[in-house]
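File shown here: model-v7.cif, holding mmCIF, C-alpha atoms and all ligand atoms.
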data_input
loop_
_atom_site.group_PDB
_atom_site.id
_atom_site.type_symbol
_atom_site.label_atom_id
_atom_site.label_comp_id
_atom_site.auth_asym_id
_atom_site.auth_seq_id
_atom_site.Cartn_x
_atom_site.Cartn_y
_atom_site.Cartn_z
ATOM 1 C CA MET A 1 0.000 0.000 0.000
ATOM 2 C CA GLN A 2 1.334 3.417 -0.965
ATOM 3 C CA VAL A 3 0.949 6.498 1.222
ATOM 4 C CA ILE A 4 1.282 9.800 -0.638
ATOM 5 C CA SER A 5 0.682 13.314 0.652
ATOM 6 C CA SER A 6 1.350 15.338 -2.500
ATOM 7 C CA PRO A 7 -1.843 16.137 -4.499
ATOM 8 C CA GLU A 8 0.145 16.502 -7.736
ATOM 9 C CA GLN A 9 1.814 13.125 -7.301
ATOM 10 C CA VAL A 10 -1.473 11.367 -6.504
ATOM 11 C CA GLN A 11 -3.236 13.009 -9.424
ATOM 12 C CA SER A 12 -0.606 12.152 -12.018
ATOM 13 C CA PHE A 13 -0.272 8.584 -10.710
ATOM 14 C CA LEU A 14 -4.034 7.971 -10.733
ATOM 15 C CA LEU A 15 -4.571 9.589 -14.136
ATOM 16 C CA ARG A 16 -1.985 7.185 -15.534
ATOM 17 C CA GLN A 17 -3.643 4.219 -13.813
ATOM 18 C CA LYS A 18 -7.023 5.217 -15.217
ATOM 19 C CA GLN A 19 -5.610 5.525 -18.723
ATOM 20 C CA ASN A 20 -4.235 2.006 -18.269
ATOM 21 C CA GLY A 21 -7.769 0.738 -17.652
ATOM 22 C CA GLN A 22 -7.951 0.671 -13.849
ATOM 23 C CA THR A 23 -11.275 1.508 -12.217
ATOM 24 C CA ILE A 24 -10.638 3.729 -9.207
ATOM 25 C CA GLY A 25 -12.721 3.460 -6.018
ATOM 26 C CA VAL A 26 -12.295 6.362 -3.597
ATOM 27 C CA VAL A 27 -13.262 6.588 0.084
ATOM 28 C CA PRO A 28 -12.950 10.102 1.535
ATOM 29 C CA THR A 29 -12.488 10.194 5.336
ATOM 30 C CA MET A 30 -11.219 12.415 8.113
ATOM 31 C CA GLY A 31 -9.310 9.538 9.711
ATOM 32 C CA ALA A 32 -9.784 8.146 13.250
ATOM 33 C CA LEU A 33 -10.972 5.148 11.307
ATOM 34 C CA HIS A 34 -13.425 2.539 12.582
ATOM 35 C CA GLN A 35 -15.316 -0.369 11.069
ATOM 36 C CA GLY A 36 -17.787 2.047 9.420
ATOM 37 C CA HIS A 37 -14.994 3.595 7.352
ATOM 38 C CA LEU A 38 -13.466 0.197 6.663
ATOM 39 C CA SER A 39 -16.771 -1.126 5.333
ATOM 40 C CA LEU A 40 -16.546 1.610 2.690
ATOM 41 C CA VAL A 41 -12.999 0.564 1.780
ATOM 42 C CA GLN A 42 -14.177 -3.050 1.500
ATOM 43 C CA ARG A 43 -17.060 -1.999 -0.735
ATOM 44 C CA ALA A 44 -14.705 0.027 -2.938
ATOM 45 C CA ARG A 45 -12.478 -3.079 -3.096
ATOM 46 C CA GLN A 46 -15.417 -5.119 -4.435
ATOM 47 C CA GLU A 47 -16.375 -2.536 -7.045
ATOM 48 C CA SER A 48 -13.044 -1.293 -8.394
ATOM 49 C CA THR A 49 -9.558 -2.472 -9.298
ATOM 50 C CA LEU A 50 -7.662 0.298 -7.481
ATOM 51 C CA VAL A 51 -8.801 1.477 -4.044
ATOM 52 C CA VAL A 52 -7.877 4.895 -2.683
ATOM 53 C CA ALA A 53 -8.692 6.087 0.842
ATOM 54 C CA THR A 54 -8.174 9.740 1.666
ATOM 55 C CA ILE A 55 -7.450 10.975 5.187
ATOM 56 C CA PHE A 56 -7.771 14.697 5.744
ATOM 57 C CA VAL A 57 -9.278 16.588 8.676
ATOM 58 C CA ASN A 58 -10.834 19.300 6.558
ATOM 59 C CA PRO A 59 -10.815 22.656 8.399
ATOM 60 C CA THR A 60 -13.439 24.293 6.161
ATOM 61 C CA GLN A 61 -16.216 21.921 7.252
ATOM 62 C CA PHE A 62 -15.845 22.820 10.934
ATOM 63 C CA GLY A 63 -17.645 25.927 12.186
ATOM 64 C CA PRO A 64 -16.297 28.368 14.773
ATOM 65 C CA GLY A 65 -16.291 26.719 18.220
ATOM 66 C CA GLU A 66 -16.555 23.193 16.761
ATOM 67 C CA ASP A 67 -14.068 20.397 17.440
ATOM 68 C CA PHE A 68 -11.486 20.883 14.656
ATOM 69 C CA GLU A 69 -8.569 21.169 17.108
ATOM 70 C CA GLN A 70 -9.656 18.214 19.271
ATOM 71 C CA TYR A 71 -10.692 15.975 16.370
ATOM 72 C CA PRO A 72 -8.858 12.640 16.886
ATOM 73 C CA ARG A 73 -5.801 12.158 14.670
ATOM 74 C CA THR A 74 -4.573 8.550 14.630
ATOM 75 C CA LEU A 75 -2.686 8.302 11.340
ATOM 76 C CA GLN A 76 -0.419 5.311 12.022
ATOM 77 C CA ASP A 77 -3.315 3.199 13.236
ATOM 78 C CA ASP A 78 -5.487 4.389 10.317
ATOM 79 C CA LEU A 79 -2.869 3.346 7.760
ATOM 80 C CA GLN A 80 -2.673 -0.154 9.206
ATOM 81 C CA GLN A 81 -6.447 -0.482 9.077
ATOM 82 C CA CYS A 82 -6.586 0.779 5.481
ATOM 83 C CA GLU A 83 -4.024 -1.800 4.428
ATOM 84 C CA GLN A 84 -5.926 -4.622 6.142
ATOM 85 C CA ALA A 85 -9.193 -3.511 4.536
ATOM 86 C CA GLY A 86 -7.603 -3.662 1.070
ATOM 87 C CA ALA A 87 -6.647 -0.091 0.145
ATOM 88 C CA ASP A 88 -3.919 0.285 -2.491
ATOM 89 C CA LEU A 89 -3.189 3.946 -1.841
ATOM 90 C CA VAL A 90 -3.861 6.360 1.003
ATOM 91 C CA PHE A 91 -3.814 10.062 0.208
ATOM 92 C CA THR A 92 -2.838 12.093 3.289
ATOM 93 C CA PRO A 93 -2.521 15.743 2.187
ATOM 94 C CA LYS A 94 -1.413 18.572 4.458
ATOM 95 C CA THR A 95 -3.759 21.524 4.941
ATOM 96 C CA ASP A 96 -1.547 23.996 3.088
ATOM 97 C CA GLU A 97 -1.329 21.588 0.139
ATOM 98 C CA MET A 98 -5.126 21.476 -0.120
ATOM 99 C CA TYR A 99 -5.881 25.161 0.506
ATOM 100 C CA GLY A 100 -3.507 27.734 -0.913
ATOM 101 C CA ALA A 101 -3.262 30.977 1.073
ATOM 102 C CA ASP A 102 -4.976 32.700 -1.875
ATOM 103 C CA ALA A 103 -7.800 30.121 -2.327
ATOM 104 C CA GLN A 104 -11.054 31.788 -3.346
ATOM 105 C CA THR A 105 -13.185 29.072 -4.975
ATOM 106 C CA PHE A 106 -15.900 27.194 -3.094
ATOM 107 C CA VAL A 107 -18.586 24.722 -4.161
ATOM 108 C CA ARG A 108 -22.074 25.264 -2.739
ATOM 109 C CA VAL A 109 -25.200 23.169 -3.207
ATOM 110 C CA THR A 110 -27.984 25.652 -2.625
ATOM 111 C CA GLU A 111 -31.116 23.866 -1.398
ATOM 112 C CA LEU A 112 -30.425 20.472 0.158
ATOM 113 C CA THR A 113 -27.923 22.193 2.431
ATOM 114 C CA GLN A 114 -30.450 24.471 4.089
ATOM 115 C CA ARG A 115 -32.252 22.070 6.428
ATOM 116 C CA LEU A 116 -31.302 19.752 9.311
ATOM 117 C CA GLU A 117 -27.490 19.628 9.545
ATOM 118 C CA GLY A 118 -27.224 22.785 7.445
ATOM 119 C CA ALA A 119 -29.544 24.701 9.767
ATOM 120 C CA HIS A 120 -27.403 23.757 12.788
ATOM 121 C CA ARG A 121 -24.021 23.980 11.045
ATOM 122 C CA PRO A 122 -24.422 26.785 8.472
ATOM 123 C CA THR A 123 -20.943 26.594 6.882
ATOM 124 C CA HIS A 124 -20.479 22.826 7.126
ATOM 125 C CA PHE A 125 -21.719 21.585 3.777
ATOM 126 C CA GLU A 126 -19.885 24.202 1.732
ATOM 127 C CA GLY A 127 -16.703 22.883 3.324
ATOM 128 C CA VAL A 128 -17.738 19.310 2.535
ATOM 129 C CA THR A 129 -18.641 19.877 -1.119
ATOM 130 C CA THR A 130 -15.532 21.977 -1.718
ATOM 131 C CA ILE A 131 -13.178 19.357 -0.310
ATOM 132 C CA VAL A 132 -14.985 16.452 -1.990
ATOM 133 C CA ALA A 133 -14.866 18.262 -5.353
ATOM 134 C CA LYS A 134 -11.130 18.819 -4.872
ATOM 135 C CA LEU A 135 -10.590 15.192 -3.819
ATOM 136 C CA PHE A 136 -12.513 14.003 -6.888
ATOM 137 C CA ASN A 137 -10.358 16.165 -9.175
ATOM 138 C CA ILE A 138 -7.189 14.827 -7.571
ATOM 139 C CA THR A 139 -8.160 11.136 -7.329
ATOM 140 C CA VAL A 140 -10.259 10.850 -10.534
ATOM 141 C CA PRO A 141 -12.609 8.191 -9.096
ATOM 142 C CA THR A 142 -14.740 5.826 -11.128
ATOM 143 C CA ILE A 143 -16.824 5.273 -7.990
ATOM 144 C CA ALA A 144 -16.769 6.900 -4.559
ATOM 145 C CA CYS A 145 -18.204 5.354 -1.392
ATOM 146 C CA PHE A 146 -20.004 7.328 1.321
ATOM 147 C CA GLY A 147 -21.868 6.211 4.437
ATOM 148 C CA GLN A 148 -25.618 6.392 4.950
ATOM 149 C CA LYS A 149 -24.606 7.521 8.459
ATOM 150 C CA ASP A 150 -24.244 11.030 6.974
ATOM 151 C CA TYR A 151 -27.497 10.780 5.059
ATOM 152 C CA GLN A 152 -27.820 14.432 4.096
ATOM 153 C CA GLN A 153 -24.153 14.566 3.067
ATOM 154 C CA GLN A 154 -24.465 11.715 0.564
ATOM 155 C CA LEU A 155 -27.565 13.340 -0.964
ATOM 156 C CA ILE A 156 -25.727 16.648 -1.318
ATOM 157 C CA ILE A 157 -22.734 14.943 -2.905
ATOM 158 C CA ARG A 158 -25.000 13.135 -5.364
ATOM 159 C CA GLN A 159 -26.528 16.509 -6.273
ATOM 160 C CA MET A 160 -23.102 18.098 -6.736
ATOM 161 C CA VAL A 161 -21.912 15.201 -8.924
ATOM 162 C CA LYS A 162 -24.999 15.567 -11.095
ATOM 163 C CA ASP A 163 -24.923 19.366 -11.298
ATOM 164 C CA LEU A 164 -21.193 19.595 -12.020
ATOM 165 C CA ASN A 165 -20.947 16.512 -14.302
ATOM 166 C CA PHE A 166 -18.299 14.770 -12.235
ATOM 167 C CA GLY A 167 -19.059 11.436 -13.879
ATOM 168 C CA VAL A 168 -18.439 9.555 -10.635
ATOM 169 C CA LYS A 169 -20.777 6.817 -9.446
ATOM 170 C CA ILE A 170 -21.713 7.468 -5.813
ATOM 171 C CA VAL A 171 -22.238 4.339 -3.696
ATOM 172 C CA THR A 172 -24.009 4.773 -0.358
ATOM 173 C CA CYS A 173 -23.107 2.081 2.191
ATOM 174 C CA PRO A 174 -25.143 0.919 5.202
ATOM 175 C CA ILE A 175 -24.593 2.287 8.724
ATOM 176 C CA ILE A 176 -22.273 0.113 10.813
ATOM 177 C CA ARG A 177 -23.324 -0.071 14.466
ATOM 178 C CA GLU A 178 -21.999 -1.396 17.758
ATOM 179 C CA ALA A 179 -23.736 -4.529 19.029
ATOM 180 C CA ASP A 180 -25.997 -2.355 21.222
ATOM 181 C CA GLY A 181 -27.063 -0.194 18.270
ATOM 182 C CA LEU A 182 -24.857 2.888 18.684
ATOM 183 C CA ALA A 183 -23.796 4.044 15.207
ATOM 184 C CA LEU A 184 -20.007 4.000 14.910
ATOM 185 C CA SER A 185 -18.539 7.503 14.791
ATOM 186 C CA SER A 186 -15.079 8.953 15.257
ATOM 187 C CA ARG A 187 -16.705 11.272 17.811
ATOM 188 C CA ASN A 188 -17.914 8.374 20.016
ATOM 189 C CA ARG A 189 -14.483 8.406 21.632
ATOM 190 C CA TYR A 190 -15.371 11.751 23.237
ATOM 191 C CA LEU A 191 -18.179 10.045 25.232
ATOM 192 C CA SER A 192 -17.831 9.028 28.895
ATOM 193 C CA GLU A 193 -19.401 5.707 29.848
ATOM 194 C CA THR A 194 -22.503 7.455 31.199
ATOM 195 C CA GLU A 195 -22.796 9.562 28.057
ATOM 196 C CA ARG A 196 -22.355 6.534 25.843
ATOM 197 C CA ASN A 197 -25.293 4.849 27.585
ATOM 198 C CA ARG A 198 -27.389 7.967 27.171
ATOM 199 C CA ALA A 199 -26.480 8.167 23.482
ATOM 200 C CA LEU A 200 -28.237 4.837 22.890
ATOM 201 C CA VAL A 201 -31.534 6.720 22.998
ATOM 202 C CA LEU A 202 -30.919 7.850 19.403
ATOM 203 C CA ASN A 203 -30.937 4.317 18.041
ATOM 204 C CA ARG A 204 -33.801 3.310 20.349
ATOM 205 C CA ALA A 205 -35.890 6.207 19.048
ATOM 206 C CA LEU A 206 -35.099 5.228 15.439
ATOM 207 C CA ARG A 207 -35.888 1.555 16.012
ATOM 208 C CA ASN A 208 -39.164 2.479 17.631
ATOM 209 C CA ALA A 209 -39.879 4.745 14.651
ATOM 210 C CA GLY A 210 -39.289 1.769 12.339
ATOM 211 C CA GLN A 211 -41.754 -0.351 14.284
ATOM 212 C CA GLN A 212 -44.329 2.411 14.352
ATOM 213 C CA ALA A 213 -43.990 2.895 10.587
ATOM 214 C CA GLU A 214 -44.552 -0.821 9.998
ATOM 215 C CA GLY A 215 -47.597 -0.578 12.245
ATOM 216 C CA GLY A 216 -49.036 2.224 10.126
ATOM 217 C CA VAL A 217 -48.478 5.149 12.523
ATOM 218 C CA SER A 218 -48.373 8.457 10.620
ATOM 219 C CA PRO A 219 -45.024 10.143 9.846
ATOM 220 C CA ALA A 220 -46.012 13.208 11.882
ATOM 221 C CA GLN A 221 -46.836 11.106 14.950
ATOM 222 C CA ILE A 222 -43.610 9.144 14.567
ATOM 223 C CA ALA A 223 -41.596 12.368 14.543
ATOM 224 C CA VAL A 224 -43.323 13.580 17.713
ATOM 225 C CA GLU A 225 -42.612 10.284 19.483
ATOM 226 C CA MET A 226 -38.908 10.358 18.497
ATOM 227 C CA GLN A 227 -38.661 13.915 19.778
ATOM 228 C CA ARG A 228 -40.334 12.958 23.060
ATOM 229 C CA ARG A 229 -38.019 9.998 23.652
ATOM 230 C CA ILE A 230 -34.830 11.919 22.946
ATOM 231 C CA HIS A 231 -35.990 15.022 24.809
ATOM 232 C CA ASP A 232 -36.844 12.938 27.885
ATOM 233 C CA GLU A 233 -33.405 11.314 28.115
ATOM 234 C CA GLU A 234 -31.332 12.910 30.862
ATOM 235 C CA GLY A 235 -28.149 14.603 29.642
ATOM 236 C CA VAL A 236 -29.260 14.529 25.998
ATOM 237 C CA GLU A 237 -30.180 17.737 24.198
ATOM 238 C CA LEU A 238 -32.326 17.191 21.124
ATOM 239 C CA GLU A 239 -31.439 19.208 18.020
ATOM 240 C CA TYR A 240 -33.878 17.622 15.605
ATOM 241 C CA ALA A 241 -35.831 14.425 15.002
ATOM 242 C CA VAL A 242 -37.783 14.375 11.758
ATOM 243 C CA VAL A 243 -39.387 12.066 9.247
ATOM 244 C CA ALA A 244 -38.413 13.325 5.814
ATOM 245 C CA ASP A 245 -38.624 12.539 2.119
ATOM 246 C CA GLU A 246 -35.649 10.345 1.180
ATOM 247 C CA ARG A 247 -34.605 12.595 -1.727
ATOM 248 C CA THR A 248 -35.676 16.142 -0.837
ATOM 249 C CA LEU A 249 -35.450 15.928 2.984
ATOM 250 C CA GLN A 250 -38.700 17.869 3.216
ATOM 251 C CA PRO A 251 -40.843 16.729 6.164
ATOM 252 C CA VAL A 252 -43.284 13.958 5.238
ATOM 253 C CA CYS A 253 -46.788 14.544 6.497
ATOM 254 C CA GLU A 254 -48.912 12.436 4.193
ATOM 255 C CA ASP A 255 -49.136 8.736 3.460
ATOM 256 C CA THR A 256 -46.013 7.350 1.845
ATOM 257 C CA ASP A 257 -44.360 3.963 1.235
ATOM 258 C CA SER A 258 -41.045 4.957 2.729
ATOM 259 C CA ALA A 259 -39.217 7.867 4.319
ATOM 260 C CA VAL A 260 -36.076 8.575 6.296
ATOM 261 C CA ALA A 261 -36.029 9.342 10.016
ATOM 262 C CA LEU A 262 -33.127 11.616 10.938
ATOM 263 C CA VAL A 263 -32.004 12.618 14.418
ATOM 264 C CA ALA A 264 -29.323 14.869 15.894
ATOM 265 C CA ALA A 265 -28.593 15.518 19.552
ATOM 266 C CA ARG A 266 -25.882 16.642 21.903
ATOM 267 C CA VAL A 267 -24.796 14.209 24.551
ATOM 268 C CA GLY A 268 -22.751 16.335 26.916
ATOM 269 C CA LYS A 269 -20.484 18.297 24.559
ATOM 270 C CA THR A 270 -20.593 15.666 21.812
ATOM 271 C CA ARG A 271 -22.890 16.129 18.848
ATOM 272 C CA LEU A 272 -24.226 12.865 17.376
ATOM 273 C CA ILE A 273 -26.365 12.099 14.325
ATOM 274 C CA ASP A 274 -28.131 8.955 13.175
ATOM 275 C CA ASN A 275 -30.887 7.919 10.774
ATOM 276 C CA ALA A 276 -32.960 5.011 9.515
ATOM 277 C CA ILE A 277 -35.130 4.279 6.504
ATOM 278 C CA LEU A 278 -38.775 3.741 7.469
ATOM 279 C CA ARG A 279 -41.098 1.438 5.511
ATOM 280 C CA PHE A 280 -44.830 1.988 5.757
ATOM 281 C CA PRO A 281 -47.491 -0.593 4.882
ATOM 282 C CA SER A 282 -48.689 0.104 1.342
ATOM 283 C CA THR A 283 -52.011 1.899 1.263
ATOM 284 C CA PRO A 284 -54.804 0.043 -0.562
HETATM 285 P P1 LIG B 301 -15.826 10.926 8.365
HETATM 286 O O1 LIG B 301 -14.437 10.440 8.557
HETATM 287 O O2 LIG B 301 -16.621 11.029 9.624
HETATM 288 O O3 LIG B 301 -15.891 12.168 7.508
HETATM 289 O O4 LIG B 301 -16.581 9.795 7.527
HETATM 290 C C1 LIG B 301 -16.061 9.325 6.321
HETATM 291 C C2 LIG B 301 -17.086 8.446 5.664
HETATM 292 O O5 LIG B 301 -17.393 7.345 6.520
HETATM 293 C C3 LIG B 301 -18.421 9.161 5.390
HETATM 294 O O6 LIG B 301 -18.899 8.770 4.115
HETATM 295 C C4 LIG B 301 -19.298 8.655 6.496
HETATM 296 O O7 LIG B 301 -20.673 8.662 6.173
HETATM 297 C C5 LIG B 301 -18.788 7.229 6.647
HETATM 298 N N1 LIG B 301 -19.162 6.687 7.950
HETATM 299 C C6 LIG B 301 -18.955 7.241 9.166
HETATM 300 N N2 LIG B 301 -19.492 6.482 10.144
HETATM 301 C C7 LIG B 301 -20.044 5.391 9.535
HETATM 302 C C8 LIG B 301 -20.767 4.262 9.989
HETATM 303 N N3 LIG B 301 -21.030 4.052 11.284
HETATM 304 N N4 LIG B 301 -21.197 3.360 9.077
HETATM 305 C C9 LIG B 301 -20.950 3.551 7.750
HETATM 306 N N5 LIG B 301 -20.277 4.615 7.257
HETATM 307 C C10 LIG B 301 -19.833 5.528 8.126
#

Show me, as structure tokens, the structure contained in the file I just sent.
Amino acid sequence: MQVISSPEQVQSFLLRQKQNGQTIGVVPTMGALHQGHLSLVQRARQESTLVVATIFVNPTQFGPGEDFEQYPRTLQDDLQQCEQAGADLVFTPKTDEMYGADAQTFVRVTELTQRLEGAHRPTHFEGVTTIVAKLFNITVPTIACFGQKDYQQQLIIRQMVKDLNFGVKIVTCPIIREADGLALSSRNRYLSETERNRALVLNRALRNAGQQAEGGVSPAQIAVEMQRRIHDEEGVELEYAVVADERTLQPVCEDTDSAVALVAARVGKTRLIDNAILRFPSTP
């Protein structure tokens, strides 16, 4: 497995590989890797002949007062895990190699970014789409794998790819969870044992939402019940819990076959998100 930090070197190497007929599968990450990230590398391995993971804690997707400085950086461990999961190349750029001092170009998706995560983290998605666009230009992927864990993010990236003709196939991979249901996240390591137990309410609320949907409870009622459960958990501060259209993220109020339930909450100082697809009984 190669590890390269120079964008120019990675780009010229991968362009050559692509010309030689390789299909390139890219997995963008911020490091502090866990089984969720590795499942994306494994998926890329299945779907492409050359697998590239990128590790870059991207400053532009953190807002003021967020955890950019504290974000866990575990590069040596990450590299070992990438190799075991089947990566051929890991791209580990430095911040000043990705953002020149005179950088003045940003990529913004206008509508999907307004709600949910975007409402709570107003500059976040512009940072995400800008870095992902840059990573795509550098790594020239045939496919790129993203996690359903960041549901809104993968929708926004799909929109960007379509709008800007990137010609990359986006693959969305299932959420990997701990045995007790907690969605894996690099930020879980901030949680104390008590907080970790409290955080389980997110998955419990989503699982209950799934059961209610199957039982024919309305989307609006399901949202209210998720909000109640999360709000009532001690030490957990609800940011949102909604039942939304899977493509537009607009709230779903009427009968539908399926929808996505999305939740965000703070557990102590740690902000967590999770989601689940809901299936409703088909209406006669
Ligand atoms: P991050 O390093 O947090 O930016 O995440 C990099 C990629 O891993 C994103 O596409 C995430 O959606 C994905 N990811 C993070 N956590 C999980 C998880 N528990 N299961 C599946 N994918 C995940």

Residue IDs satisfying the PyMOL selection byres (((not hetatm)) within 10 of (chain B and resi 301)), as a ChimeraX atom specification: /A:27-41,53-58,61,128,144-154,171-178,182-187,273-274

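When only C-alpha atoms are used to measure the gap to Asn275 of chain A, the shortest distance among A:Ala209, A:Thr256, A:Phe91, A:Ser218 belongs to A:Ala209.
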
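If all atoms listed in the file are the atoms counted, then among A:Leu206, A:Ile157, A:Cys82, A:Ala265 the closest residue to Glu234 of chain A is A:Ala265.
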
Counting only C-alpha atoms, which residues come within 10 Å of (-12.7, 6.7, -7.9), with the point read in the file's coordinates, and could you list them as a short mmCIF file (atom, residue, chain, number, x, y, z; two decimals) with C-alpha atoms, in the coordinates of the input?
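The result, stored in out_15.cif:
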data_model
loop_
_atom_site.label_atom_id
_atom_site.label_comp_id
_atom_site.auth_asym_id
_atom_site.auth_seq_id
_atom_site.Cartn_x
_atom_site.Cartn_y
_atom_site.Cartn_z
CA LEU A 14 -4.03 7.97 -10.73
CA LYS A 18 -7.02 5.22 -15.22
CA GLN A 22 -7.95 0.67 -13.85
CA THR A 23 -11.28 1.51 -12.22
CA ILE A 24 -10.64 3.73 -9.21
CA GLY A 25 -12.72 3.46 -6.02
CA VAL A 26 -12.30 6.36 -3.60
CA VAL A 27 -13.26 6.59 0.08
CA ALA A 44 -14.70 0.03 -2.94
CA GLU A 47 -16.38 -2.54 -7.04
CA SER A 48 -13.04 -1.29 -8.39
CA THR A 49 -9.56 -2.47 -9.30
CA LEU A 50 -7.66 0.30 -7.48
CA VAL A 51 -8.80 1.48 -4.04
CA VAL A 52 -7.88 4.89 -2.68
CA ALA A 53 -8.69 6.09 0.84
CA LEU A 135 -10.59 15.19 -3.82
CA PHE A 136 -12.51 14.00 -6.89
CA ASN A 137 -10.36 16.16 -9.18
CA ILE A 138 -7.19 14.83 -7.57
CA THR A 139 -8.16 11.14 -7.33
CA VAL A 140 -10.26 10.85 -10.53
CA PRO A 141 -12.61 8.19 -9.10
CA THR A 142 -14.74 5.83 -11.13
CA ILE A 143 -16.82 5.27 -7.99
CA ALA A 144 -16.77 6.90 -4.56
CA CYS A 145 -18.20 5.35 -1.39
CA GLY A 167 -19.06 11.44 -13.88
CA VAL A 168 -18.44 9.56 -10.64
CA LYS A 169 -20.78 6.82 -9.45
CA ILE A 170 -21.71 7.47 -5.81
#

Starting from the displayed file, determine the output of the PyMOL selection byres (((chain A and resi 239) around 8) and not hetatm) and express the residue list as a ChimeraX atom specification. /A:237-238,240-241,263-266

Can you work out the spacing between atom CA of Asp67 of chain A and atom CA of Arg271 of chain A in Å, to one decimal?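 These two atoms are separated by 9.9 Å.
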
Measuring atom to atom with only C-alpha atoms, identify which of A:Leu89, A:Gln84, A:Ile4, A:Gly127 is nearest to Gln17 of chain A. A:Leu89

Go through A:Val252, A:Val242, A:Leu191, A:Ala87 one by one, measure the shortest atom-to-atom distance of each to Ala276 of chain A using all atoms listed in the file, and give the residue with the smallest value. A:Val242

Point out the residue among A:Thr113, A:Thr129, A:Gln104, A:Thr123 with the least atom-to-atom distance to Glu66 of chain A, counting all atoms listed in the file.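 Answer, going by the shortest atom-to-atom distance: A:Thr123.
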
Could you check the closest approach to Glu126 of chain A for each of A:Pro59, A:Gly210, A:Gly65, A:Gly21 and tell me which residue wins, using all atoms listed in the file?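 Ranked by minimum distance to Glu126 of chain A, first place goes to A:Pro59.
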
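Taking only C-alpha atoms into account, those protein, DNA and RNA residues with any atom at most 9 Å away from (-37.3, 13.0, 3.2) amount to Val242, Val243, Ala244, Asp245, Glu246, Arg247, Thr248, Leu249, Gln250, Pro251, Val252, Ser258, Ala259, Val260, Ala261 and Leu262 of chain A.
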
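Neighbours of Pro64 of chain A closer than or equal to 10 Å, with only C-alpha atoms counted and sequence neighbours fewer than 4 positions away skipped, come out as Thr60, Phe68, Arg121 and Thr123 of chain A.
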
Could you work out how far atom CA of Thr74 of chain A lies from atom CA of Val201 of chain A, giving the answer in Å with one decimal? 28.3 Å

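Atom pair atom CA of Arg196 of chain A / atom CA of Val267 of chain A has a distance of 8.2 Å (rounded to one decimal).
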
Grab all the atoms of segment 50-53 of chain A that the file lists, wrap them in a box along x, y and z, add 8 Å per side, and give me centre plus edge lengths in Å (one decimal) as AutoDock Vina command-line options.
--center_x -8.2 --center_y 3.2 --center_z -3.3 --size_x 17.1 --size_y 21.8 --size_z 24.3
